[in-house]
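Only one structure is covered here, and it is reproduced in the block below.
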Amino acid sequence: MVPVGATGDFALVKDWSFGRSRAGATVRNMAALAEEFRFRLIYEGGRLDGLPTYWSRHRDYPEGDPRSLHVFLDDTLVLKGRIPPGGGLRTGGIESGMLRALLPVTPGMYVEMRAKLPRGLGVWPAFWLNPGVEGRDGSFSELPWPPEIDIFEFYVWQGRTVPRILEGRVQDAGRPAEFGNPRDLFTLFSRDGYDPGIDFSADFHVFALDWERDRPIWLLDGRRIKQTRYHWNAPPAHILITNQIGMTLNGVNLAGMQANEANWDYTVDYLRVWQRR
């Protein structure tokens, strides 16, 4: 098993293949999921349930609960978006699933996910690396910010109804010298992101980051689409898969957004991490 489209020598560090009945699944239920992931952000003692930039709040419920936001199908895991009783299209009025992996991720690793994304005006699916780790004993490393590497974000806004334009960034909080003065070494992105003409909610695609030290590489379906100079001067990272719904950003127009839960499924086939040797 090697990364899609990759060349070189890799050692598999972790394979999270989801599904309650698929052959070869490594995570089949909520009990197994909770051994490897947490369901809220790492801040506030691992209990922060959202960021002020999006409306949905992250929750976890027992397996089989009709409110569940982490639903196992036969061969996938679905991060749901739901309107709870008394909720609505507003900040705090939506609940959604997320995954925060406990595995520490460092330069030299290769992170890959195969997923099908949610659709509908106002969805904001993301896949990213954030600094700091939570130990299995509940302890925490230092939690600085930045750095941050966004493997992808899809802003389905300003009249868009499907995820088409992939955005992948590094964060420097206006202090570029601290992070090696980030700049692209090559890119297929325009100022507005990368638009390969795909509706990423229609089928599964493979999204990856080959974390070459100081020069991370973004890949889509095994094709290199960007490489950026960026220094990670922080503790190891953790992986985040976040089904963010609703946006509180300056100038965003969500007129016409609908509370259609059937469109809000963020479906994950697998998440894998390798170490390049």
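Following the order of the structure tokens, chains are lettered A, B, ..., residues in each are numbered from 1, and ligands are numbered from 1.
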Problem set entry | Residues within 6 Å of segment 172-181 of chain A, only C-alpha atoms, excluding chain neighbours under 4 positions, as an MDAnalysis selection string | chainID A and resid 146 230:231
Using only C-alpha atoms, what table do you get, as JSON lines, when you list each residue of segment 71-141 of chain A with an atom no more than 8 Å from segment 21-38 of chain A, its nearest pair of atoms, and their distance in Å rounded to one decimal, rows by chain then rising number?
```
{"residue": "A:Phe72", "atom": "CA", "partner": "A:Asn29", "partner_atom": "CA", "distance": 6.6}
{"residue": "A:Asp74", "atom": "CA", "partner": "A:Ser21", "partner_atom": "CA", "distance": 4.9}
{"residue": "A:Asp75", "atom": "CA", "partner": "A:Arg22", "partner_atom": "CA", "distance": 5.0}
{"residue": "A:Leu99", "atom": "CA", "partner": "A:Phe37", "partner_atom": "CA", "distance": 5.9}
{"residue": "A:Arg100", "atom": "CA", "partner": "A:Arg38", "partner_atom": "CA", "distance": 5.0}
{"residue": "A:Ala101", "atom": "CA", "partner": "A:Phe37", "partner_atom": "CA", "distance": 4.4}
{"residue": "A:Leu102", "atom": "CA", "partner": "A:Phe37", "partner_atom": "CA", "distance": 5.7}
{"residue": "A:Leu103", "atom": "CA", "partner": "A:Glu36", "partner_atom": "CA", "distance": 7.6}
```
Output N, CA, C and O atoms for every residue in that selection, as a tab-separated table (two decimals), in the first residue's frame.
```tsv
chain	number	residue	atom	x	y	z
A	72	PHE	N	-21.56	5.36	10.54
A	72	PHE	CA	-20.88	4.35	9.75
A	72	PHE	C	-21.85	3.70	8.77
A	72	PHE	O	-22.89	3.16	9.18
A	74	ASP	N	-21.79	0.90	5.29
A	74	ASP	CA	-21.10	-0.37	5.08
A	74	ASP	C	-19.62	-0.18	4.77
A	74	ASP	O	-18.78	-0.95	5.25
A	75	ASP	N	-19.30	0.86	3.98
A	75	ASP	CA	-17.90	1.00	3.55
A	75	ASP	C	-17.37	2.42	3.66
A	75	ASP	O	-16.35	2.74	3.04
A	99	LEU	N	-13.38	15.21	12.85
A	99	LEU	CA	-12.39	14.27	13.36
A	99	LEU	C	-11.11	15.03	13.67
A	99	LEU	O	-10.61	15.79	12.82
A	100	ARG	N	-10.58	14.82	14.86
A	100	ARG	CA	-9.26	15.32	15.23
A	100	ARG	C	-8.42	14.12	15.64
A	100	ARG	O	-8.66	13.50	16.66
A	101	ALA	N	-7.44	13.79	14.81
A	101	ALA	CA	-6.63	12.60	15.06
A	101	ALA	C	-5.65	12.83	16.19
A	101	ALA	O	-5.07	13.92	16.34
A	102	LEU	N	-5.44	11.80	17.00
A	102	LEU	CA	-4.46	11.86	18.07
A	102	LEU	C	-3.03	11.65	17.57
A	102	LEU	O	-2.07	12.01	18.25
A	103	LEU	N	-2.87	11.08	16.40
A	103	LEU	CA	-1.54	10.77	15.87
A	103	LEU	C	-0.73	12.04	15.65
A	103	LEU	O	-1.17	12.95	14.93
```
Report the closest atom pair, with its distance in Å rounded to one decimal, for each residue of segment 195-237 of chain A that has an atom no farther than 10 Å from segment 119-122 of chain A; count only C-alpha atoms, sort by chain and then rising residue number, and write it as CSV.
```
residue,atom,partner,partner_atom,distance
A:Asp199,CA,A:Arg119,CA,9.0
A:Phe200,CA,A:Arg119,CA,8.5
A:Ser201,CA,A:Arg119,CA,5.9
A:Ala202,CA,A:Arg119,CA,8.9
```
Problem set entry | Selected residue of minimal separation from Leu69 of chain A among A:Asp269, A:Glu261, A:Asp214, A:Glu167, counting only C-alpha atoms |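 The shortest atom-to-atom distance to Leu69 of chain A comes from A:Glu261.
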Exercise. Looking at only C-alpha atoms, which of A:Arg47, A:Arg229, A:Arg213, A:Arg276 is the one that sits closest to Glu134 of chain A?
Worked result: A:Arg47
For this session: Go through A:Val206, A:Ala255, A:Ile94, A:Leu48 one by one, measure the shortest atom-to-atom distance of each to Phe127 of chain A using only C-alpha atoms, and give the residue with the smallest value.
Result: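 Using only C-alpha atoms, Phe127 of chain A sits closest to A:Val206.
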Problem set entry | Among the residues A:Tyr43, A:Trp124, A:Phe140, A:Trp145, the one that comes closest to Trp157 of chain A [using only C-alpha atoms] |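 Of all the options, A:Trp124 lies closest to Trp157 of chain A.
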Exercise. Restricting the calculation to only C-alpha atoms, which member of A:His58, A:Lys226, A:Lys116, A:Arg90 is positioned closest to Gly46 of chain A?
Worked result: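 Checking each candidate against Gly46 of chain A, we get A:His58 as the closest.
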Exercise. Between A:Ile198, A:Glu142, A:Glu95, A:Val268, which has the minimum distance to Ile241 of chain A (counting only C-alpha atoms)?
Worked result: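 The closest residue to Ile241 of chain A is A:Val268.
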For this session: Once DSSP has gone over the backbone, tell me which residues of segment 78-266 of chain A are in strand (DSSP E or B), as a count of residues only.
Result: 73
For this session: Enter the distance from atom CA of Met1 of chain A to atom CA of Leu240 of chain A, in Å, rounded to one decimal.
Result: 22.7 Å
Exercise. So how many Å separate atom CA of Arg224 of chain A and atom CA of Pro104 of chain A, to one decimal?
Worked result: 24.0 Å
For this session: Could you tell me how far atom CA of Tyr155 of chain A lies from atom CA of His205 of chain A, in Å and to one decimal?
Result: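 If I compute the distance from atom CA of Tyr155 of chain A to atom CA of His205 of chain A, I get 17.1 Å.
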For this session: Please identify all polymer residues within 9 Å of Phe189 of chain A, counting only C-alpha atoms, omitting same-chain residues fewer than 3 positions from it, and present them as a list in words.
Result: Leu166, Glu167, Gly168, Asp192, Gly193, Tyr194, Asp195, Ile225 and Lys226 of chain A
Exercise. Among segment 12-253 of chain A, which ones does DSSP place in alpha helix (DSSP H), written as a list in words?
Worked result: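 Taking segment 12-253 of chain A and keeping alpha helix (DSSP H) only, one gets Met30, Ala31, Ala32, Leu33, Ala34, Glu35, Glu36, Tyr43, Glu44, Gly45 and Gly46 of chain A.
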